[in-house]
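The structure file structure_39.txt is reproduced below (compact mmCIF, N, CA and C atoms).
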```
# COMPACT_ATOMS: atom_id res chain seq x y z
N MET A 1 -39.67 18.66 45.94
CA MET A 1 -40.47 19.08 44.81
C MET A 1 -41.63 18.10 44.65
N TYR A 2 -42.85 18.64 44.54
CA TYR A 2 -44.04 17.80 44.47
C TYR A 2 -44.66 17.71 43.08
N CYS A 3 -44.54 18.77 42.29
CA CYS A 3 -45.18 18.74 40.98
C CYS A 3 -44.38 19.57 39.99
N VAL A 4 -44.55 19.25 38.71
CA VAL A 4 -43.84 19.94 37.65
C VAL A 4 -44.74 20.00 36.42
N LYS A 5 -44.64 21.11 35.68
CA LYS A 5 -45.47 21.29 34.50
C LYS A 5 -44.70 22.12 33.48
N PHE A 6 -44.64 21.65 32.23
CA PHE A 6 -44.10 22.49 31.16
C PHE A 6 -45.12 23.58 30.88
N VAL A 7 -44.71 24.84 30.93
CA VAL A 7 -45.61 25.96 30.67
C VAL A 7 -45.18 26.76 29.44
N GLY A 8 -44.19 26.27 28.77
CA GLY A 8 -43.69 26.89 27.55
C GLY A 8 -42.72 25.92 26.90
N TYR A 9 -42.22 26.32 25.75
CA TYR A 9 -41.31 25.44 25.03
C TYR A 9 -40.10 25.06 25.87
N SER A 10 -39.56 25.99 26.59
CA SER A 10 -38.37 25.71 27.41
C SER A 10 -38.55 26.15 28.86
N GLN A 11 -39.79 26.30 29.31
CA GLN A 11 -40.03 26.74 30.68
C GLN A 11 -40.78 25.68 31.48
N LEU A 12 -40.31 25.49 32.70
CA LEU A 12 -40.92 24.57 33.65
C LEU A 12 -41.42 25.35 34.85
N LEU A 13 -42.55 24.92 35.38
CA LEU A 13 -43.06 25.46 36.64
C LEU A 13 -43.08 24.31 37.63
N THR A 14 -42.46 24.50 38.78
CA THR A 14 -42.42 23.46 39.80
C THR A 14 -43.08 23.96 41.07
N GLY A 15 -43.63 23.02 41.83
CA GLY A 15 -44.20 23.32 43.14
C GLY A 15 -43.50 22.48 44.19
N ASN A 16 -43.23 23.06 45.35
CA ASN A 16 -42.50 22.32 46.38
C ASN A 16 -43.30 22.20 47.67
N SER A 17 -42.68 21.56 48.67
CA SER A 17 -43.36 21.27 49.93
C SER A 17 -43.62 22.52 50.76
N ALA A 18 -42.97 23.64 50.45
CA ALA A 18 -43.20 24.89 51.17
C ALA A 18 -44.28 25.74 50.51
N GLY A 19 -44.90 25.24 49.44
CA GLY A 19 -45.93 25.99 48.75
C GLY A 19 -45.39 26.98 47.74
N GLN A 20 -44.09 26.96 47.50
CA GLN A 20 -43.47 27.86 46.53
C GLN A 20 -43.64 27.33 45.11
N LEU A 21 -43.80 28.26 44.19
CA LEU A 21 -43.75 27.94 42.76
C LEU A 21 -42.48 28.55 42.21
N LYS A 22 -41.80 27.78 41.38
CA LYS A 22 -40.57 28.28 40.77
C LYS A 22 -40.67 28.08 39.26
N LEU A 23 -40.39 29.14 38.53
CA LEU A 23 -40.40 29.11 37.08
C LEU A 23 -38.96 29.02 36.60
N TRP A 24 -38.68 28.02 35.78
CA TRP A 24 -37.33 27.75 35.29
C TRP A 24 -37.30 27.91 33.78
N ASP A 25 -36.21 28.49 33.27
CA ASP A 25 -35.99 28.59 31.83
C ASP A 25 -34.82 27.68 31.49
N LEU A 26 -35.09 26.60 30.77
CA LEU A 26 -34.07 25.61 30.46
C LEU A 26 -33.03 26.11 29.46
N ARG A 27 -33.30 27.21 28.78
CA ARG A 27 -32.34 27.77 27.82
C ARG A 27 -31.27 28.61 28.51
N ALA A 28 -31.54 29.08 29.70
CA ALA A 28 -30.59 29.96 30.39
C ALA A 28 -29.35 29.18 30.80
N SER A 29 -28.20 29.76 30.52
CA SER A 29 -26.95 29.07 30.83
C SER A 29 -26.44 29.39 32.24
N SER A 30 -26.64 30.61 32.70
CA SER A 30 -26.09 30.98 34.00
C SER A 30 -27.03 30.63 35.16
N SER A 31 -28.23 31.13 35.15
CA SER A 31 -29.20 30.86 36.22
C SER A 31 -30.55 30.52 35.60
N PRO A 32 -30.92 29.25 35.61
CA PRO A 32 -32.18 28.87 34.98
C PRO A 32 -33.43 29.30 35.76
N LEU A 33 -33.28 29.68 37.04
CA LEU A 33 -34.43 30.11 37.84
C LEU A 33 -34.84 31.51 37.41
N VAL A 34 -36.07 31.65 36.91
CA VAL A 34 -36.57 32.93 36.42
C VAL A 34 -37.27 33.70 37.53
N GLN A 35 -38.16 33.02 38.25
CA GLN A 35 -38.89 33.69 39.32
C GLN A 35 -39.38 32.68 40.35
N THR A 36 -39.58 33.17 41.56
CA THR A 36 -40.13 32.37 42.65
C THR A 36 -41.38 33.08 43.14
N MET A 37 -42.46 32.32 43.29
CA MET A 37 -43.73 32.88 43.75
C MET A 37 -44.14 32.19 45.05
N ASN A 38 -44.49 32.97 46.03
CA ASN A 38 -44.91 32.46 47.33
C ASN A 38 -46.32 32.92 47.62
N ALA A 39 -47.18 31.98 47.95
CA ALA A 39 -48.52 32.34 48.41
C ALA A 39 -48.40 32.78 49.86
N THR A 40 -48.77 34.00 50.16
CA THR A 40 -48.54 34.56 51.48
C THR A 40 -49.30 33.85 52.59
N ASP A 41 -50.48 33.33 52.29
CA ASP A 41 -51.28 32.70 53.34
C ASP A 41 -51.32 31.18 53.21
N ASN A 42 -50.41 30.60 52.43
CA ASN A 42 -50.43 29.16 52.23
C ASN A 42 -49.03 28.60 52.47
N LEU A 43 -48.88 27.85 53.54
CA LEU A 43 -47.58 27.26 53.84
C LEU A 43 -47.58 25.76 53.58
N TYR A 44 -48.54 25.29 52.82
CA TYR A 44 -48.65 23.87 52.52
C TYR A 44 -48.10 23.60 51.13
N GLY A 45 -47.72 22.36 50.88
CA GLY A 45 -47.11 21.99 49.62
C GLY A 45 -48.02 22.18 48.42
N ALA A 46 -47.42 22.64 47.33
CA ALA A 46 -48.11 22.73 46.04
C ALA A 46 -48.02 21.37 45.38
N VAL A 47 -49.17 20.73 45.15
CA VAL A 47 -49.16 19.33 44.70
C VAL A 47 -49.74 19.12 43.31
N ALA A 48 -50.37 20.13 42.73
CA ALA A 48 -50.97 19.96 41.40
C ALA A 48 -50.92 21.29 40.65
N ILE A 49 -50.57 21.22 39.38
CA ILE A 49 -50.50 22.40 38.53
C ILE A 49 -51.25 22.11 37.24
N ALA A 50 -52.09 23.07 36.81
CA ALA A 50 -52.76 22.97 35.51
C ALA A 50 -52.62 24.31 34.80
N GLN A 51 -52.35 24.25 33.51
CA GLN A 51 -52.19 25.46 32.71
C GLN A 51 -53.44 25.68 31.87
N HIS A 52 -53.88 26.93 31.82
CA HIS A 52 -55.05 27.29 31.02
C HIS A 52 -54.79 26.91 29.57
N PRO A 53 -55.74 26.26 28.89
CA PRO A 53 -55.50 25.78 27.53
C PRO A 53 -55.28 26.87 26.48
N SER A 54 -55.89 28.04 26.67
CA SER A 54 -55.75 29.07 25.64
C SER A 54 -55.01 30.32 26.11
N GLN A 55 -54.80 30.44 27.41
CA GLN A 55 -54.06 31.59 27.97
C GLN A 55 -52.92 31.02 28.81
N SER A 56 -51.81 30.76 28.16
CA SER A 56 -50.72 30.01 28.78
C SER A 56 -50.10 30.70 29.98
N HIS A 57 -50.34 31.99 30.18
CA HIS A 57 -49.80 32.69 31.35
C HIS A 57 -50.59 32.41 32.63
N LEU A 58 -51.74 31.77 32.52
CA LEU A 58 -52.58 31.47 33.68
C LEU A 58 -52.40 30.01 34.10
N VAL A 59 -52.11 29.80 35.37
CA VAL A 59 -52.02 28.45 35.92
C VAL A 59 -52.81 28.38 37.21
N ILE A 60 -53.36 27.21 37.45
CA ILE A 60 -54.05 26.95 38.71
C ILE A 60 -53.21 25.95 39.47
N VAL A 61 -53.02 26.22 40.76
CA VAL A 61 -52.20 25.36 41.61
C VAL A 61 -53.06 24.88 42.77
N GLY A 62 -53.00 23.58 43.03
CA GLY A 62 -53.69 22.99 44.17
C GLY A 62 -52.69 22.64 45.26
N TYR A 63 -53.11 22.80 46.50
CA TYR A 63 -52.21 22.63 47.64
C TYR A 63 -52.68 21.51 48.57
N GLN A 64 -51.78 21.07 49.43
CA GLN A 64 -52.11 20.07 50.43
C GLN A 64 -53.16 20.55 51.41
N SER A 65 -53.31 21.84 51.54
CA SER A 65 -54.30 22.42 52.47
C SER A 65 -55.72 22.35 51.90
N GLY A 66 -55.86 21.99 50.62
CA GLY A 66 -57.18 21.96 49.99
C GLY A 66 -57.54 23.26 49.31
N THR A 67 -56.62 24.21 49.24
CA THR A 67 -56.90 25.49 48.58
C THR A 67 -56.40 25.45 47.13
N VAL A 68 -56.93 26.38 46.36
CA VAL A 68 -56.58 26.53 44.95
C VAL A 68 -56.20 27.98 44.71
N ASP A 69 -55.09 28.21 44.02
CA ASP A 69 -54.67 29.55 43.63
C ASP A 69 -54.65 29.68 42.12
N LEU A 70 -55.08 30.83 41.63
CA LEU A 70 -54.93 31.16 40.22
C LEU A 70 -53.77 32.15 40.14
N TRP A 71 -52.74 31.80 39.36
CA TRP A 71 -51.54 32.63 39.20
C TRP A 71 -51.45 33.15 37.78
N ASP A 72 -51.04 34.38 37.65
CA ASP A 72 -50.73 34.98 36.36
C ASP A 72 -49.21 35.08 36.29
N LEU A 73 -48.59 34.27 35.45
CA LEU A 73 -47.13 34.21 35.39
C LEU A 73 -46.50 35.49 34.86
N ARG A 74 -47.29 36.36 34.24
CA ARG A 74 -46.76 37.62 33.73
C ARG A 74 -46.46 38.61 34.85
N ARG A 75 -47.03 38.40 36.03
CA ARG A 75 -46.90 39.36 37.13
C ARG A 75 -45.54 39.32 37.80
N GLY A 76 -44.80 38.22 37.66
CA GLY A 76 -43.45 38.16 38.21
C GLY A 76 -43.39 37.75 39.66
N SER A 77 -42.16 37.73 40.18
CA SER A 77 -41.91 37.35 41.57
C SER A 77 -42.48 38.41 42.52
N GLY A 78 -42.80 37.96 43.71
CA GLY A 78 -43.25 38.89 44.74
C GLY A 78 -44.73 39.22 44.69
N CYS A 79 -45.44 38.71 43.70
CA CYS A 79 -46.88 38.99 43.58
C CYS A 79 -47.68 37.87 44.22
N ASP A 80 -48.82 38.23 44.74
CA ASP A 80 -49.75 37.24 45.27
C ASP A 80 -50.55 36.62 44.14
N PRO A 81 -51.19 35.49 44.41
CA PRO A 81 -52.06 34.91 43.38
C PRO A 81 -53.22 35.84 43.05
N VAL A 82 -53.75 35.71 41.86
CA VAL A 82 -54.89 36.53 41.44
C VAL A 82 -56.11 36.17 42.27
N VAL A 83 -56.31 34.88 42.47
CA VAL A 83 -57.47 34.39 43.24
C VAL A 83 -57.00 33.25 44.14
N ASN A 84 -57.54 33.19 45.36
CA ASN A 84 -57.30 32.10 46.29
C ASN A 84 -58.65 31.64 46.82
N VAL A 85 -58.96 30.36 46.62
CA VAL A 85 -60.23 29.83 47.10
C VAL A 85 -59.99 28.51 47.84
N SER A 86 -60.86 28.21 48.77
CA SER A 86 -60.79 26.95 49.48
C SER A 86 -61.57 25.91 48.70
N ALA A 87 -60.90 24.85 48.32
CA ALA A 87 -61.52 23.83 47.49
C ALA A 87 -62.05 22.67 48.30
N ASP A 88 -61.32 22.27 49.31
CA ASP A 88 -61.66 21.07 50.04
C ASP A 88 -61.00 21.13 51.41
N GLU A 89 -61.35 20.21 52.28
CA GLU A 89 -60.74 20.16 53.60
C GLU A 89 -59.52 19.25 53.62
N SER A 90 -59.24 18.58 52.51
CA SER A 90 -58.08 17.70 52.45
C SER A 90 -57.26 18.04 51.21
N ALA A 91 -56.12 17.42 51.09
CA ALA A 91 -55.19 17.73 50.01
C ALA A 91 -55.80 17.46 48.64
N LEU A 92 -55.47 18.33 47.70
CA LEU A 92 -55.88 18.13 46.32
C LEU A 92 -54.88 17.22 45.63
N ASN A 93 -55.37 16.36 44.76
CA ASN A 93 -54.49 15.44 44.05
C ASN A 93 -54.26 15.86 42.60
N GLU A 94 -55.30 16.33 41.94
CA GLU A 94 -55.20 16.69 40.53
C GLU A 94 -56.10 17.89 40.23
N ILE A 95 -55.71 18.64 39.20
CA ILE A 95 -56.50 19.74 38.68
C ILE A 95 -56.42 19.69 37.16
N TYR A 96 -57.56 19.83 36.49
CA TYR A 96 -57.60 19.83 35.03
C TYR A 96 -58.55 20.89 34.54
N PHE A 97 -58.14 21.62 33.51
CA PHE A 97 -59.03 22.54 32.82
C PHE A 97 -59.89 21.76 31.85
N HIS A 98 -61.11 22.24 31.66
CA HIS A 98 -62.00 21.67 30.64
C HIS A 98 -61.45 22.06 29.27
N LYS A 99 -61.40 21.12 28.34
CA LYS A 99 -60.79 21.38 27.02
C LYS A 99 -61.65 22.29 26.15
N VAL A 100 -62.97 22.20 26.26
CA VAL A 100 -63.87 23.00 25.41
C VAL A 100 -64.24 24.32 26.07
N ASN A 101 -64.48 24.31 27.38
CA ASN A 101 -64.83 25.51 28.14
C ASN A 101 -63.70 25.81 29.13
N PRO A 102 -62.67 26.52 28.68
CA PRO A 102 -61.49 26.68 29.54
C PRO A 102 -61.70 27.56 30.76
N ASP A 103 -62.86 28.19 30.92
CA ASP A 103 -63.12 28.91 32.17
C ASP A 103 -63.69 27.98 33.23
N HIS A 104 -63.78 26.70 32.91
CA HIS A 104 -64.19 25.66 33.86
C HIS A 104 -62.98 24.78 34.15
N PHE A 105 -62.87 24.31 35.39
CA PHE A 105 -61.85 23.32 35.69
C PHE A 105 -62.37 22.36 36.75
N PHE A 106 -61.66 21.26 36.93
CA PHE A 106 -62.04 20.22 37.86
C PHE A 106 -60.90 19.97 38.83
N SER A 107 -61.25 19.67 40.07
CA SER A 107 -60.24 19.30 41.06
C SER A 107 -60.72 18.04 41.76
N CYS A 108 -59.78 17.22 42.18
CA CYS A 108 -60.13 16.05 42.98
C CYS A 108 -59.22 16.03 44.20
N SER A 109 -59.76 15.49 45.28
CA SER A 109 -59.04 15.55 46.56
C SER A 109 -58.88 14.15 47.13
N GLU A 110 -58.13 14.08 48.22
CA GLU A 110 -57.89 12.81 48.88
C GLU A 110 -59.15 12.23 49.51
N THR A 111 -60.17 13.04 49.71
CA THR A 111 -61.43 12.53 50.26
C THR A 111 -62.26 11.82 49.19
N GLY A 112 -61.80 11.87 47.93
CA GLY A 112 -62.53 11.23 46.85
C GLY A 112 -63.52 12.15 46.16
N GLN A 113 -63.55 13.41 46.55
CA GLN A 113 -64.48 14.35 45.94
C GLN A 113 -63.90 14.94 44.67
N VAL A 114 -64.76 15.09 43.67
CA VAL A 114 -64.41 15.78 42.43
C VAL A 114 -65.27 17.03 42.38
N ARG A 115 -64.64 18.17 42.18
CA ARG A 115 -65.38 19.44 42.12
C ARG A 115 -65.26 20.03 40.73
N HIS A 116 -66.37 20.58 40.28
CA HIS A 116 -66.45 21.29 39.00
C HIS A 116 -66.48 22.77 39.31
N TRP A 117 -65.44 23.49 38.88
CA TRP A 117 -65.32 24.93 39.15
C TRP A 117 -65.73 25.70 37.91
N TYR A 118 -66.50 26.75 38.11
CA TYR A 118 -66.99 27.56 36.99
C TYR A 118 -67.27 28.97 37.48
N PRO A 119 -67.24 29.94 36.55
CA PRO A 119 -67.55 31.32 36.95
C PRO A 119 -69.00 31.43 37.42
N SER A 120 -69.21 32.22 38.45
CA SER A 120 -70.57 32.39 38.99
C SER A 120 -71.40 33.34 38.14
N ASP A 121 -70.74 34.12 37.29
CA ASP A 121 -71.43 35.08 36.44
C ASP A 121 -70.91 34.89 35.02
N LYS A 122 -71.80 34.80 34.05
CA LYS A 122 -71.37 34.57 32.67
C LYS A 122 -70.53 35.71 32.11
N ASP A 123 -70.64 36.90 32.71
CA ASP A 123 -69.87 38.04 32.23
C ASP A 123 -68.51 38.17 32.90
N VAL A 124 -68.19 37.25 33.81
CA VAL A 124 -66.90 37.32 34.49
C VAL A 124 -65.80 36.92 33.52
N ASP A 125 -64.78 37.72 33.47
CA ASP A 125 -63.62 37.43 32.62
C ASP A 125 -62.86 36.26 33.23
N PRO A 126 -62.62 35.18 32.48
CA PRO A 126 -61.92 34.02 33.05
C PRO A 126 -60.49 34.34 33.47
N ASP A 127 -59.93 35.49 33.02
CA ASP A 127 -58.61 35.88 33.49
C ASP A 127 -58.60 36.08 35.00
N PHE A 128 -59.72 36.48 35.54
CA PHE A 128 -59.82 36.73 36.98
C PHE A 128 -60.95 35.87 37.52
N PHE A 129 -60.72 34.58 37.46
CA PHE A 129 -61.71 33.57 37.82
C PHE A 129 -62.27 33.84 39.21
N GLN A 130 -63.56 34.05 39.25
CA GLN A 130 -64.26 34.19 40.51
C GLN A 130 -65.44 33.25 40.42
N GLY A 131 -65.29 32.10 40.99
CA GLY A 131 -66.32 31.10 40.77
C GLY A 131 -66.71 30.37 42.00
N ASN A 132 -67.49 29.37 41.76
CA ASN A 132 -67.89 28.48 42.82
C ASN A 132 -67.77 27.06 42.29
N ALA A 133 -68.00 26.12 43.13
CA ALA A 133 -67.79 24.73 42.73
C ALA A 133 -69.02 23.91 43.08
N THR A 134 -69.20 22.86 42.34
CA THR A 134 -70.22 21.89 42.65
C THR A 134 -69.56 20.53 42.74
N LEU A 135 -70.06 19.70 43.62
CA LEU A 135 -69.56 18.33 43.72
C LEU A 135 -70.10 17.53 42.55
N CYS A 136 -69.26 16.73 41.95
CA CYS A 136 -69.69 15.88 40.84
C CYS A 136 -70.12 14.53 41.37
```
Would you mind writing the structure in this file as structure tokens?
Amino acid sequence: MYCVKFVGYSQLLTGNSAGQLKLWDLRASSSPLVQTMNATDNLYGAVAIAQHPSQSHLVIVGYQSGTVDLWDLRRGSGCDPVVNVSADESALNEIYFHKVNPDHFFSCSETGQVRHWYPSDKDVDPDFFQGNATLC
């Protein structure tokens, strides 16, 4: 297991070395595992998780491959990420959403680069982030 994030009062989202995301419900007595999500084209470890500040069902996951996935936790197991973009050529270390403009987020990688991600069109719904990045 590489990363963990509380995504609800009693729910944890974890990322592992196989690139899987697992959602756990700590209140469940029999089986705390709620769902498992696999990125079909990413076999690298999930190393960073950030939750959207105002839409808690949206999370961004960074991988050792340098890619970023946007996941909608409401979609359940067996679904692909909403968006998959290449962020860097090396592993991502951290991802953070902007506190004031939650349709913007930042990623940093092992190469020392910090990228500012934002929608390319002001009319794009942040639920389906389609953006580009600039180096900071």
Go through A:Tyr9, A:Pro32, A:Thr111, A:Phe97 and flag the residue nearest A:Pro53, using all atoms listed in the file for the distances. A:Phe97
So which residues are close to (-51.4, 31.3, 38.3), meaning at most 6 Å away in the file's coordinates with only C-alpha atoms counted, and can you show them as JSON, numbers by chain? {"A": [58, 59, 60, 70, 71, 72, 73]}
So which one's closest to A:Val85, A:Ser29, A:Thr36, A:Ser17, A:Thr67? Using only C-alpha atoms, please. A:Thr67
At most 6 Å from (-43.6, 33.8, 41.4), file frame, only N, CA and C atoms: which residues, as a VMD selection string? chain A and resid 21 35 to 38 76 to 79
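For the residues A:Val34, A:Cys108, A:Ala39, A:Ile95, ranking by smallest atom-to-atom distance to A:Val83 using only C-alpha atoms places A:Ala39 first.
The coordinates place atom CA of A:Gly62 at 14.8 Å from atom N of A:Met1.
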Using all atoms listed in the file, tabulate the residues of stretch 64-84 of chain A lying at most 5 Å from any atom of stretch 88-92 of chain A, each with its closest atom pair and that distance in Å to one decimal, by chain and increasing residue number, as JSON lines.
```
{"residue": "A:Gln64", "atom": "C", "partner": "A:Ala91", "partner_atom": "CA", "distance": 3.7}
{"residue": "A:Ser65", "atom": "C", "partner": "A:Ser90", "partner_atom": "C", "distance": 4.6}
{"residue": "A:Gly66", "atom": "C", "partner": "A:Asp88", "partner_atom": "N", "distance": 3.9}
```
Would you mind writing down, as number ranges by chain, each residue of stretch 17-109 of chain A that DSSP on the backbone assigns to strand (DSSP E or B)? A: 20-25, 33-38, 46-51, 58-63, 67-72, 83-86, 92-97, 105-109
